[in-house]
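> Sharing structure34.cif below, mmCIF, C-alpha atoms (C1' of nucleotides):
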```
data_query
#
loop_
_atom_site.label_atom_id
_atom_site.label_comp_id
_atom_site.auth_asym_id
_atom_site.auth_seq_id
_atom_site.Cartn_x
_atom_site.Cartn_y
_atom_site.Cartn_z
CA MET A 254 -113.57 68.09 113.42
CA THR A 255 -113.19 71.71 112.54
CA GLU A 256 -114.89 72.87 115.71
CA THR A 257 -113.98 76.35 116.68
CA ARG A 258 -113.14 76.08 120.31
CA GLY A 259 -113.28 79.61 121.67
CA TYR A 260 -111.24 82.49 120.44
CA HIS A 261 -108.33 80.57 119.02
CA HIS A 262 -108.89 78.11 116.23
CA GLY A 263 -105.90 75.99 117.06
CA ASP A 264 -105.08 74.71 113.59
CA LEU A 265 -106.17 77.52 111.35
CA ARG A 266 -103.24 77.46 108.96
CA ARG A 267 -103.83 73.83 108.05
CA ALA A 268 -107.60 74.36 107.87
CA LEU A 269 -107.19 77.29 105.50
CA LEU A 270 -104.87 75.36 103.20
CA ALA A 271 -107.32 72.46 103.06
CA ALA A 272 -110.22 74.83 102.43
CA ALA A 273 -108.23 76.50 99.65
CA LEU A 274 -107.73 73.16 97.90
CA ASP A 275 -111.45 72.45 98.11
CA ALA A 276 -112.36 75.92 96.89
CA ILE A 277 -109.99 75.77 93.92
CA GLU A 278 -111.25 72.35 92.86
CA GLU A 279 -114.84 73.53 93.16
CA ASP A 280 -114.74 76.95 91.59
CA GLY A 281 -111.36 77.27 89.91
CA GLN A 282 -108.18 79.14 90.66
CA ALA A 283 -109.49 82.60 89.80
CA ALA A 284 -112.42 82.38 92.21
CA LEU A 285 -110.18 81.79 95.23
CA SER A 286 -111.17 84.24 97.96
CA LEU A 287 -109.56 84.72 101.34
CA ARG A 288 -112.87 85.78 102.82
CA ASP A 289 -114.51 82.62 101.55
CA LEU A 290 -111.78 80.50 103.13
CA ALA A 291 -112.28 82.34 106.39
CA ARG A 292 -116.01 81.57 106.27
CA ARG A 293 -115.32 77.89 105.55
CA ALA A 294 -113.01 77.73 108.54
CA GLY A 295 -115.45 79.63 110.76
CA VAL A 296 -113.15 82.55 111.48
CA SER A 297 -113.29 86.25 110.75
CA HIS A 298 -112.43 87.68 107.34
CA ALA A 299 -109.07 89.03 108.46
CA ALA A 300 -107.78 85.91 110.17
CA PRO A 301 -106.02 84.44 107.10
CA ALA A 302 -103.81 87.50 106.78
CA HIS A 303 -102.02 86.63 109.97
CA HIS A 304 -100.86 83.25 108.67
CA PHE A 305 -100.13 84.06 105.06
CA GLY A 306 -99.82 87.82 104.84
CA ASP A 307 -101.86 88.04 101.67
CA LYS A 308 -103.29 85.97 98.86
CA ALA A 309 -99.89 85.47 97.26
CA GLY A 310 -98.62 84.17 100.58
CA LEU A 311 -101.36 81.58 100.74
CA ARG A 312 -100.60 80.44 97.20
CA THR A 313 -96.90 80.26 98.03
CA ALA A 314 -97.75 77.80 100.79
CA LEU A 315 -99.96 75.80 98.42
CA ALA A 316 -97.24 75.64 95.77
CA THR A 317 -94.62 74.58 98.31
CA GLN A 318 -96.91 71.83 99.56
CA GLY A 319 -97.50 70.78 95.96
CA PHE A 320 -93.85 70.55 95.02
CA ASP A 321 -93.16 68.42 98.07
CA LEU A 322 -96.05 66.12 97.22
CA LEU A 323 -94.84 65.82 93.65
CA ALA A 324 -91.30 64.99 94.76
CA GLN A 325 -92.71 62.35 97.06
CA GLU A 326 -94.88 60.71 94.40
CA LEU A 327 -92.16 60.81 91.75
CA THR A 328 -89.74 59.17 94.14
CA ALA A 329 -92.29 56.50 94.97
CA ALA A 330 -92.71 55.77 91.28
CA GLY A 331 -89.16 54.47 91.13
CA ASP A 332 -86.44 54.82 88.51
CA ASP A 333 -88.44 53.84 85.45
CA LEU A 334 -88.95 56.77 83.11
CA LEU A 335 -92.33 55.63 81.88
CA ALA A 336 -93.56 55.07 85.42
CA ALA A 337 -92.28 58.50 86.44
CA GLY A 338 -94.14 60.11 83.55
CA VAL A 339 -97.37 58.37 84.45
CA ALA A 340 -96.86 59.39 88.07
CA TYR A 341 -96.42 63.01 86.95
CA VAL A 342 -99.70 62.97 85.06
CA ASP A 343 -101.40 61.15 87.91
CA PHE A 344 -100.23 63.80 90.32
CA ALA A 345 -101.61 66.56 88.14
CA VAL A 346 -105.01 64.91 87.91
CA ARG A 347 -105.34 63.84 91.53
CA HIS A 348 -103.88 67.07 92.94
CA ARG A 349 -105.33 69.42 90.42
CA ALA A 350 -105.49 72.42 92.71
CA HIS A 351 -101.85 72.06 93.69
CA PHE A 352 -100.71 71.51 90.13
CA GLU A 353 -102.56 74.51 88.80
CA VAL A 354 -100.91 76.90 91.21
CA MET A 355 -97.41 75.40 91.08
CA PHE A 356 -96.80 76.42 87.49
CA ARG A 357 -98.25 79.90 87.77
CA PRO A 358 -95.42 81.69 89.60
CA GLU A 359 -96.92 85.13 88.93
CA LEU A 360 -99.57 84.21 91.50
CA TYR A 361 -97.19 83.55 94.37
CA ARG A 362 -93.80 84.58 95.75
CA ALA A 363 -91.36 82.68 93.58
CA ASP A 364 -88.43 83.88 95.69
CA ASP A 365 -89.65 82.26 98.90
CA PRO A 366 -86.85 80.09 100.34
CA GLU A 367 -89.08 77.20 101.38
CA LEU A 368 -90.74 77.17 97.99
CA ILE A 369 -87.40 77.14 96.19
CA ALA A 370 -86.25 74.25 98.33
CA ALA A 371 -89.37 72.20 97.66
CA ARG A 372 -89.17 72.93 93.95
CA GLY A 373 -85.56 71.77 94.01
CA ARG A 374 -86.61 68.47 95.57
CA ALA A 375 -89.22 67.97 92.86
CA ARG A 376 -86.67 68.70 90.14
CA ALA A 377 -84.21 66.27 91.63
CA ALA A 378 -86.86 63.57 91.66
CA LEU A 379 -87.61 64.34 88.02
CA ARG A 380 -83.99 63.99 87.01
CA ALA A 381 -83.72 60.72 88.87
CA GLY A 382 -86.41 59.32 86.62
CA VAL A 383 -84.62 60.44 83.49
CA ALA A 384 -81.31 58.99 84.64
CA THR A 385 -82.43 55.54 83.56
CA LEU A 386 -82.33 56.52 79.90
CA PRO A 387 -79.50 54.92 77.94
CA THR A 388 -76.72 57.49 78.01
CA SER A 389 -76.70 57.66 74.28
CA GLY A 390 -74.62 60.79 73.94
CA THR A 391 -73.20 63.87 75.54
CA PRO A 392 -74.53 65.44 78.73
CA ALA A 393 -76.22 67.99 76.50
CA ASP A 394 -78.13 65.14 74.86
CA THR A 395 -79.24 63.90 78.26
CA ASP A 396 -80.43 67.38 79.15
CA ARG A 397 -82.39 67.51 75.93
CA ASP A 398 -83.93 64.10 76.61
CA ALA A 399 -84.88 65.13 80.11
CA LEU A 400 -86.52 68.26 78.78
CA ALA A 401 -88.40 66.27 76.16
CA ALA A 402 -89.70 63.83 78.76
CA TRP A 403 -90.75 66.60 81.11
CA SER A 404 -92.43 68.49 78.28
CA ILE A 405 -94.49 65.57 77.03
CA ALA A 406 -95.70 64.63 80.52
CA HIS A 407 -96.40 68.22 81.46
CA GLY A 408 -98.11 68.93 78.16
CA PHE A 409 -100.36 65.90 78.38
CA ALA A 410 -101.29 66.72 81.97
CA THR A 411 -102.03 70.35 81.13
CA LEU A 412 -104.14 69.51 78.09
CA TRP A 413 -106.02 66.90 80.09
CA LEU A 414 -106.80 69.32 82.90
CA ALA A 415 -107.88 71.97 80.42
CA GLY A 416 -110.35 69.53 78.89
CA ALA A 417 -108.69 70.23 75.56
CA LEU A 418 -108.24 66.62 74.49
CA PRO A 419 -110.73 65.00 72.11
CA ASP A 420 -113.24 62.62 73.64
CA ARG A 421 -111.75 59.59 71.97
CA VAL A 422 -108.80 59.74 74.37
CA GLY A 423 -111.11 58.27 76.98
CA ASP A 424 -111.58 59.00 80.64
CA ASN A 425 -108.63 57.24 82.18
CA PRO A 426 -105.74 59.68 82.34
CA SER A 427 -103.12 57.18 83.54
CA GLU A 428 -103.85 54.74 80.76
CA ALA A 429 -103.98 57.38 78.06
CA ALA A 430 -100.79 58.96 79.38
CA ARG A 431 -98.99 55.63 79.36
CA ALA A 432 -99.81 55.09 75.70
CA VAL A 433 -98.61 58.56 74.76
CA LEU A 434 -95.49 58.56 76.92
CA ARG A 435 -94.43 55.19 75.57
CA ARG A 436 -93.91 56.96 72.26
CA LEU A 437 -90.91 58.72 73.82
CA ALA A 438 -89.77 56.63 76.75
CA THR A 439 -88.72 53.49 74.93
CA MET B 74 -105.04 106.91 66.88
CA THR B 75 -107.30 106.02 69.74
CA GLU B 76 -108.81 109.48 69.90
CA THR B 77 -112.23 109.56 71.42
CA ARG B 78 -114.27 111.57 69.00
CA GLY B 79 -117.38 112.62 70.90
CA TYR B 80 -119.88 110.35 72.52
CA HIS B 81 -119.32 107.27 70.41
CA HIS B 82 -115.90 105.68 70.33
CA GLY B 83 -116.33 104.17 66.91
CA ASP B 84 -114.09 101.14 67.30
CA LEU B 85 -114.39 100.31 70.94
CA ARG B 86 -114.60 96.56 70.63
CA ARG B 87 -111.30 96.34 68.80
CA ALA B 88 -109.69 98.88 71.13
CA LEU B 89 -110.76 96.90 74.19
CA LEU B 90 -109.39 93.64 72.82
CA ALA B 91 -106.06 95.28 72.04
CA ALA B 92 -105.97 96.88 75.49
CA ALA B 93 -106.74 93.52 77.05
CA LEU B 94 -103.76 91.91 75.32
CA ASP B 95 -101.49 94.70 76.56
CA ALA B 96 -102.86 94.48 80.08
CA ILE B 97 -102.45 90.72 80.28
CA GLU B 98 -98.87 90.86 79.00
CA GLU B 99 -98.07 93.61 81.48
CA ASP B 100 -99.74 92.43 84.64
CA GLY B 101 -100.81 88.86 84.04
CA GLN B 102 -104.09 87.13 83.40
CA ALA B 103 -105.44 87.46 86.94
CA ALA B 104 -105.03 91.23 87.02
CA LEU B 105 -107.25 91.77 84.00
CA SER B 106 -109.85 94.40 84.89
CA LEU B 107 -112.70 95.64 82.74
CA ARG B 108 -112.52 99.04 84.38
CA ASP B 109 -108.84 99.29 83.59
CA LEU B 110 -109.53 98.48 79.95
CA ALA B 111 -112.21 101.13 79.88
CA ARG B 112 -109.74 103.67 81.25
CA ARG B 113 -107.15 102.69 78.65
CA ALA B 114 -109.70 103.16 75.90
CA GLY B 115 -110.94 106.44 77.35
CA VAL B 116 -114.51 105.34 77.92
CA SER B 117 -116.69 104.91 80.98
CA HIS B 118 -116.41 101.89 83.23
CA ALA B 119 -119.59 100.29 81.97
CA ALA B 120 -118.90 100.60 78.26
CA PRO B 121 -117.17 97.20 77.88
CA ALA B 122 -120.26 95.40 79.10
CA HIS B 123 -122.17 96.41 76.01
CA HIS B 124 -119.73 94.66 73.68
CA PHE B 125 -118.83 91.58 75.70
CA GLY B 126 -121.51 91.23 78.34
CA ASP B 127 -119.04 90.43 81.09
CA LYS B 128 -115.44 89.44 81.70
CA ALA B 129 -116.01 85.91 80.47
CA GLY B 130 -117.40 87.35 77.26
CA LEU B 131 -114.28 89.42 76.70
CA ARG B 132 -112.09 86.37 77.28
CA THR B 133 -114.24 84.33 74.91
CA ALA B 134 -113.46 86.89 72.21
CA LEU B 135 -109.76 86.77 73.07
CA ALA B 136 -109.68 82.98 72.93
CA THR B 137 -111.52 82.92 69.60
CA GLN B 138 -109.05 85.41 68.16
CA GLY B 139 -106.22 83.29 69.53
CA PHE B 140 -107.41 80.02 68.01
CA ASP B 141 -107.79 81.70 64.64
CA LEU B 142 -104.29 83.14 64.88
CA LEU B 143 -102.90 79.75 65.83
CA ALA B 144 -104.64 78.03 62.94
CA GLN B 145 -103.22 80.65 60.61
CA GLU B 146 -99.65 80.29 61.86
CA LEU B 147 -99.74 76.51 61.90
CA THR B 148 -101.01 76.48 58.34
CA ALA B 149 -98.26 78.86 57.30
CA ALA B 150 -95.67 76.54 58.83
CA GLY B 151 -96.46 73.91 56.22
CA ASP B 152 -96.79 70.16 56.44
CA ASP B 153 -93.56 69.40 58.26
CA LEU B 154 -94.20 68.12 61.78
CA LEU B 155 -91.08 69.66 63.27
CA ALA B 156 -91.84 73.02 61.70
CA ALA B 157 -95.42 72.84 62.97
CA GLY B 158 -94.18 72.10 66.49
CA VAL B 159 -91.78 75.03 66.42
CA ALA B 160 -94.56 77.24 65.08
CA TYR B 161 -96.77 76.13 67.98
CA VAL B 162 -94.16 77.13 70.54
CA ASP B 163 -93.44 80.33 68.67
CA PHE B 164 -97.10 81.22 68.74
CA ALA B 165 -97.27 80.67 72.49
CA VAL B 166 -94.27 82.90 73.13
CA ARG B 167 -95.16 85.69 70.71
CA HIS B 168 -98.87 85.67 71.57
CA ARG B 169 -98.54 84.92 75.22
CA ALA B 170 -101.73 86.66 76.27
CA HIS B 171 -103.80 84.78 73.71
CA PHE B 172 -102.20 81.45 74.53
CA GLU B 173 -102.72 81.83 78.25
CA VAL B 174 -106.44 82.35 77.91
CA MET B 175 -107.08 79.78 75.19
CA PHE B 176 -106.29 76.82 77.41
CA ARG B 177 -108.15 78.05 80.45
CA PRO B 178 -111.75 77.34 79.41
CA GLU B 179 -113.09 77.92 82.91
CA LEU B 180 -112.40 81.62 82.30
CA TYR B 181 -114.57 81.96 79.21
CA ARG B 182 -117.69 80.55 77.57
CA ALA B 183 -116.49 77.29 76.11
CA ASP B 184 -119.86 76.70 74.44
CA ASP B 185 -119.71 79.81 72.31
CA PRO B 186 -120.31 78.84 68.63
CA GLU B 187 -117.68 81.16 67.17
CA LEU B 188 -115.12 79.93 69.66
CA ILE B 189 -115.88 76.30 68.89
CA ALA B 190 -115.50 76.99 65.19
CA ALA B 191 -112.15 78.72 65.63
CA ARG B 192 -110.90 75.97 67.90
CA GLY B 193 -111.94 73.47 65.25
CA ARG B 194 -109.86 75.29 62.65
CA ALA B 195 -106.83 75.22 64.95
CA ARG B 196 -107.27 71.50 65.57
CA ALA B 197 -107.53 70.80 61.87
CA ALA B 198 -104.30 72.69 61.26
CA LEU B 199 -102.65 70.65 64.02
CA ARG B 200 -103.72 67.38 62.48
CA ALA B 201 -102.48 68.49 59.09
CA GLY B 202 -99.00 68.80 60.55
CA VAL B 203 -99.12 65.32 62.03
CA ALA B 204 -100.35 63.79 58.79
CA THR B 205 -96.81 63.79 57.44
CA LEU B 206 -95.71 61.16 59.92
CA PRO B 207 -95.02 57.76 58.35
CA THR B 208 -98.27 55.85 58.74
CA SER B 209 -96.57 53.18 60.72
CA GLY B 210 -99.65 51.54 62.08
CA THR B 211 -103.33 51.68 62.74
CA PRO B 212 -105.37 54.88 62.90
CA ALA B 213 -105.21 54.51 66.66
CA ASP B 214 -101.42 54.69 66.43
CA THR B 215 -101.67 57.87 64.42
CA ASP B 216 -103.99 59.35 67.04
CA ARG B 217 -101.49 58.47 69.71
CA ASP B 218 -98.65 60.02 67.72
CA ALA B 219 -100.64 63.18 67.18
CA LEU B 220 -101.37 63.39 70.87
CA ALA B 221 -97.71 62.86 71.71
CA ALA B 222 -96.63 65.61 69.31
CA TRP B 223 -99.23 68.03 70.63
CA SER B 224 -98.31 67.20 74.22
CA ILE B 225 -94.60 67.78 73.81
CA ALA B 226 -95.04 71.08 71.99
CA HIS B 227 -97.72 72.27 74.42
CA GLY B 228 -95.71 71.15 77.42
CA PHE B 229 -92.56 72.87 76.28
CA ALA B 230 -94.46 76.08 75.53
CA THR B 231 -96.22 76.02 78.89
CA LEU B 232 -93.06 75.36 80.86
CA TRP B 233 -91.27 78.09 78.96
CA LEU B 234 -93.99 80.64 79.65
CA ALA B 235 -94.08 79.66 83.31
CA GLY B 236 -90.37 80.32 83.58
CA ALA B 237 -90.03 76.80 84.92
CA LEU B 238 -87.15 75.71 82.69
CA PRO B 239 -83.58 75.78 83.96
CA ASP B 240 -81.40 78.64 82.76
CA ARG B 241 -79.18 76.40 80.72
CA VAL B 242 -81.96 75.99 78.15
CA GLY B 243 -81.06 79.45 76.93
CA ASP B 244 -83.16 82.40 75.85
CA ASN B 245 -84.17 81.39 72.35
CA PRO B 246 -87.43 79.46 72.58
CA SER B 247 -87.58 78.46 68.91
CA GLU B 248 -84.10 77.00 68.91
CA ALA B 249 -84.57 75.19 72.21
CA ALA B 250 -87.93 73.87 71.08
CA ARG B 251 -86.49 72.58 67.83
CA ALA B 252 -83.86 70.56 69.70
CA VAL B 253 -86.45 69.07 72.03
CA LEU B 254 -89.08 68.38 69.39
CA ARG B 255 -86.56 66.65 67.16
CA ARG B 256 -86.43 63.96 69.83
CA LEU B 257 -89.95 62.95 68.79
CA ALA B 258 -90.49 64.20 65.27
CA THR B 259 -87.89 62.16 63.46
"C1'" DC C 189 -99.19 80.18 141.35
"C1'" DG C 190 -99.71 84.36 138.77
"C1'" DT C 191 -98.36 87.56 135.46
"C1'" DG C 192 -96.75 89.65 131.46
"C1'" DC C 193 -96.00 89.31 126.71
"C1'" DG C 194 -96.35 87.69 122.12
"C1'" DA C 195 -99.22 85.05 119.09
"C1'" DT C 196 -103.72 84.71 117.40
"C1'" DC C 197 -108.10 86.35 116.15
"C1'" DT C 198 -111.87 90.23 115.71
"C1'" DT C 199 -114.07 94.43 114.28
"C1'" DG C 200 -114.02 98.33 111.46
"C1'" DT C 201 -112.73 100.76 107.45
"C1'" DC C 202 -111.12 102.16 102.67
"C1'" DG C 203 -110.33 101.78 97.78
"C1'" DT C 204 -111.23 98.77 93.81
"C1'" DT C 205 -113.85 95.71 91.12
"C1'" DG C 206 -117.85 93.34 88.47
"C1'" DG C 207 -122.33 93.71 87.36
"C1'" DC C 208 -126.85 95.79 86.98
"C1'" DA C 209 -130.26 99.60 86.06
"C1'" DA C 210 -131.74 103.75 84.11
"C1'" DG C 211 -130.93 107.49 81.30
"C1'" DA C 212 -128.33 110.40 77.67
"C1'" DT C 213 -126.44 110.74 73.01
"C1'" DT C 214 -125.72 109.49 68.43
"C1'" DG C 215 -126.16 107.90 63.69
"C1'" DC C 216 -128.63 105.32 60.39
"C1'" DG C 217 -132.71 103.88 57.79
"C1'" DC C 218 -136.95 105.26 56.16
"C1'" DG D 213 -136.32 115.33 59.24
"C1'" DC D 214 -137.80 111.86 62.28
"C1'" DG D 215 -137.85 107.84 64.95
"C1'" DC D 216 -135.49 103.98 66.67
"C1'" DA D 217 -131.91 101.01 67.99
"C1'" DA D 218 -127.17 100.83 69.03
"C1'" DT D 219 -123.85 102.85 71.83
"C1'" DC D 220 -122.13 105.07 75.77
"C1'" DT D 221 -122.86 107.45 80.53
"C1'" DT D 222 -123.84 108.01 85.41
"C1'" DG D 223 -125.16 105.93 89.56
"C1'" DC D 224 -125.49 102.25 92.52
"C1'" DC D 225 -124.67 97.76 95.25
"C1'" DA D 226 -122.33 93.70 97.06
"C1'" DA D 227 -117.94 91.42 97.42
"C1'" DC D 228 -113.19 91.51 97.82
"C1'" DG D 229 -108.14 92.46 99.45
"C1'" DA D 230 -105.61 94.95 102.46
"C1'" DC D 231 -104.67 97.60 106.47
"C1'" DA D 232 -105.20 99.37 111.35
"C1'" DA D 233 -106.42 99.00 115.99
"C1'" DG D 234 -108.13 96.44 119.61
"C1'" DA D 235 -109.65 92.00 122.12
"C1'" DT D 236 -108.44 87.43 123.77
"C1'" DC D 237 -105.71 83.64 124.73
"C1'" DG D 238 -101.84 80.59 126.17
"C1'" DC D 239 -97.23 79.85 127.23
"C1'" DA D 240 -92.73 80.98 129.36
"C1'" DC D 241 -90.78 82.66 133.14
"C1'" DG D 242 -90.42 84.38 137.65
#
```
Just dump the structure as structure tokens.


Amino acid sequence: MTETRGYHHGDLRRALLAAALDAIEEDGQAALSLRDLARRAGVSHAAPAHHFGDKAGLRTALATQGFDLLAQELTAAGDDLLAAGVAYVDFAVRHRAHFEVMFRPELYRADDPELIAARGRARAALRAGVATLPTSGTPADTDRDALAAWSIAHGFATLWLAGALPDRVGDNPSEAARAVLRRLAT
Amino acid sequence: MTETRGYHHGDLRRALLAAALDAIEEDGQAALSLRDLARRAGVSHAAPAHHFGDKAGLRTALATQGFDLLAQELTAAGDDLLAAGVAYVDFAVRHRAHFEVMFRPELYRADDPELIAARGRARAALRAGVATLPTSGTPADTDRDALAAWSIAHGFATLWLAGALPDRVGDNPSEAARAVLRRLAT
DNA sequence: CGTGCGATCTTGTCGTTGGCAAGATTGCGC
DNA sequence: GCGCAATCTTGCCAACGACAAGATCGCACG
């Protein structure tokens, strides 16, 4: 499938992004190496530079892809706040490599237009989930509630990925997240 | 103060840890370089290896220091859950370099005995804060509440550090955190 | 049908880093 | 005052990111 047909790869950009996801999930974010990606794709060590400029450029593309995926999955989860929260945690666990780069803006170009657009779509999807809360007070209250919901989902996901949670939480992130999020979402 | 008096530095381990905190706050976690730390401390490029073995060893020491600091500050915050939550966020913001390494165990030796002990002290301090919640149900409920409280504080801190929060949240992390945490802690 | 030009990829190189090995210097205990 | 272990140095190697210059390809256009 990833046959190198002659001089030109044909789909190198996509191949490098896929290889980057594999590499990050295998060896962690810090071990990401452009030369390793090039080897995985069967091209020379300088080929990635043409598509992404540098390492930050590659991570910018990964983050953009991640925000779009997140927006998509949040939208699919529907308007229920609890479901959106579970979907957020699910996304983090199933797309670990994406998630881990998305919230580390010092590693990529946070001013990239495409990235900003994708991040905006993800934020809009987030707010759509919060909109189902009973409008108990002022807009400022709603903002605060949205922030609380985002924080608890993001915190649980981050702690889960870091392996920081005690064993008794179990090994099913969705289930554990649902129990925790219910504390806030009802 | 950091004069190099002759061949032996005298307090190199401490100097390297302090330099590491500065370096991380200046240039980020990924840019941490043992050789740079050695330059800052005025020693040769191989000197750090003697005290920490390798980069992971240095980060293990940083994380251990961080967990001890966190335990200390959480204990000082008293038994009030809201106060403990605000103290958690405060710690993350004021000790950013520590916080950012503590929850990235793939960067250090998570099986180090001293680290495990310090992390245990921090966890105990966390649970002490949660103990003030009305014991509304089973022990499992208390576990879930503790996890929810930890998640929301950790999530808010992480999002704040990542610069992911919208501008309207303001520039005072303690105040913003208090408003958000109140949503859960009362 | 061919041809030129831009996109894509390669080879070669440089400075920096982490880690290891071997040796120099120091201070402390005996 | 002497030896020994801890501390620090110099020297080295492989890997990496980034850049420059050149090779190859394919597509648009004549």

> Listing only residues of chain D within 12 Å of chain A, what is the closest atom pair and its distance in Å (to one decimal) for each, using only C-alpha atoms (C1' of nucleotides), sorted by chain and residue number ascending, as a Markdown table?


```
| residue | atom | partner | partner_atom | distance |
| --- | --- | --- | --- | --- |
| D:DA227 | C1' | A:Arg288 | CA | 9.3 |
| D:DC228 | C1' | A:Ser286 | CA | 7.5 |
| D:DG229 | C1' | A:Asp307 | CA | 8.0 |
| D:DA230 | C1' | A:Asp307 | CA | 7.9 |
| D:DC231 | C1' | A:Ala299 | CA | 9.8 |
| D:DA232 | C1' | A:Ala299 | CA | 11.4 |
| D:DA235 | C1' | A:Tyr260 | CA | 9.8 |
| D:DT236 | C1' | A:Tyr260 | CA | 6.6 |
| D:DC237 | C1' | A:His261 | CA | 7.0 |
| D:DG238 | C1' | A:His261 | CA | 9.7 |
```

> Please report the interatomic distance between atom CA of His227 of chain B and atom CA of Gly331 of chain A in Å with one decimal.

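Rounded to one decimal, the two atoms are 25.9 Å apart.
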
> Show me, as a PyMOL selection string, every residue of chain C with an atom at most 10 Å from chain B, counting all atoms listed in the file.

chain C and resi 204-208+212-215

> One decimal, in Å: what's the spacing between atom CA of Leu180 of chain B and atom CA of Ala430 of chain A?

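Between atom CA of Leu180 of chain B and atom CA of Ala430 of chain A the gap works out to 25.6 Å.
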
> Taking all atoms listed in the file into account, which residues of chain B are within 7 Å of chain A, as a list in words?

Ala103, Phe176, Arg177, Pro178, Arg217, Leu220, Ala221, Ser224, Ile225, His227, Gly228, Phe229, Ala235, Val253 and Leu257 of chain B

> Taking the file as shown, find all residues satisfying the PyMOL selection byres ((chain B and resi 154) around 10) and write them as a list in words.

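What the PyMOL selection byres ((chain B and resi 154) around 10) grabs from the file is Ala150, Gly151, Asp152, Asp153, Leu155, Ala156, Ala157, Gly158, Val159, Ala160, Leu199, Arg200, Ala201, Gly202, Val203, Ala204, Thr205, Leu206, Ala219, Ala222, Leu254, Arg255, Leu257, Ala258 and Thr259 of chain B.
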
> Step by step: start from the point (-94.8, 90.6, 125.7) in the file's coordinates, keep every protein, DNA or RNA residue that has an atom no farther than 12 Å from it, count only C-alpha atoms (C1' of nucleotides), and write the set as a PyMOL selection string.

(chain C and resi 191-195) or (chain D and resi 239-241)

> One decimal, Å: what's the distance from atom C1' of DG203 of chain C over to atom CA of His124 of chain B, could you say?

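So the two atoms, atom C1' of DG203 of chain C and atom CA of His124 of chain B, lie 26.8 Å apart.
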
> I would like the residues chosen by the PyMOL selection byres ((chain D and resi 217) around 10) on the shown file; could you give them as a list in words?

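This file, filtered by the PyMOL selection byres ((chain D and resi 217) around 10), leaves DG215 and DC216 of chain C; DG215, DC216, DA218 and DT219 of chain D.
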
> Name the residues that the PyMOL selection byres ((chain B and resi 113) around 12) pulls out of this structure, and write them as number ranges by chain.

B: 75-77, 85, 88-96, 106-112, 114-118, 120-121
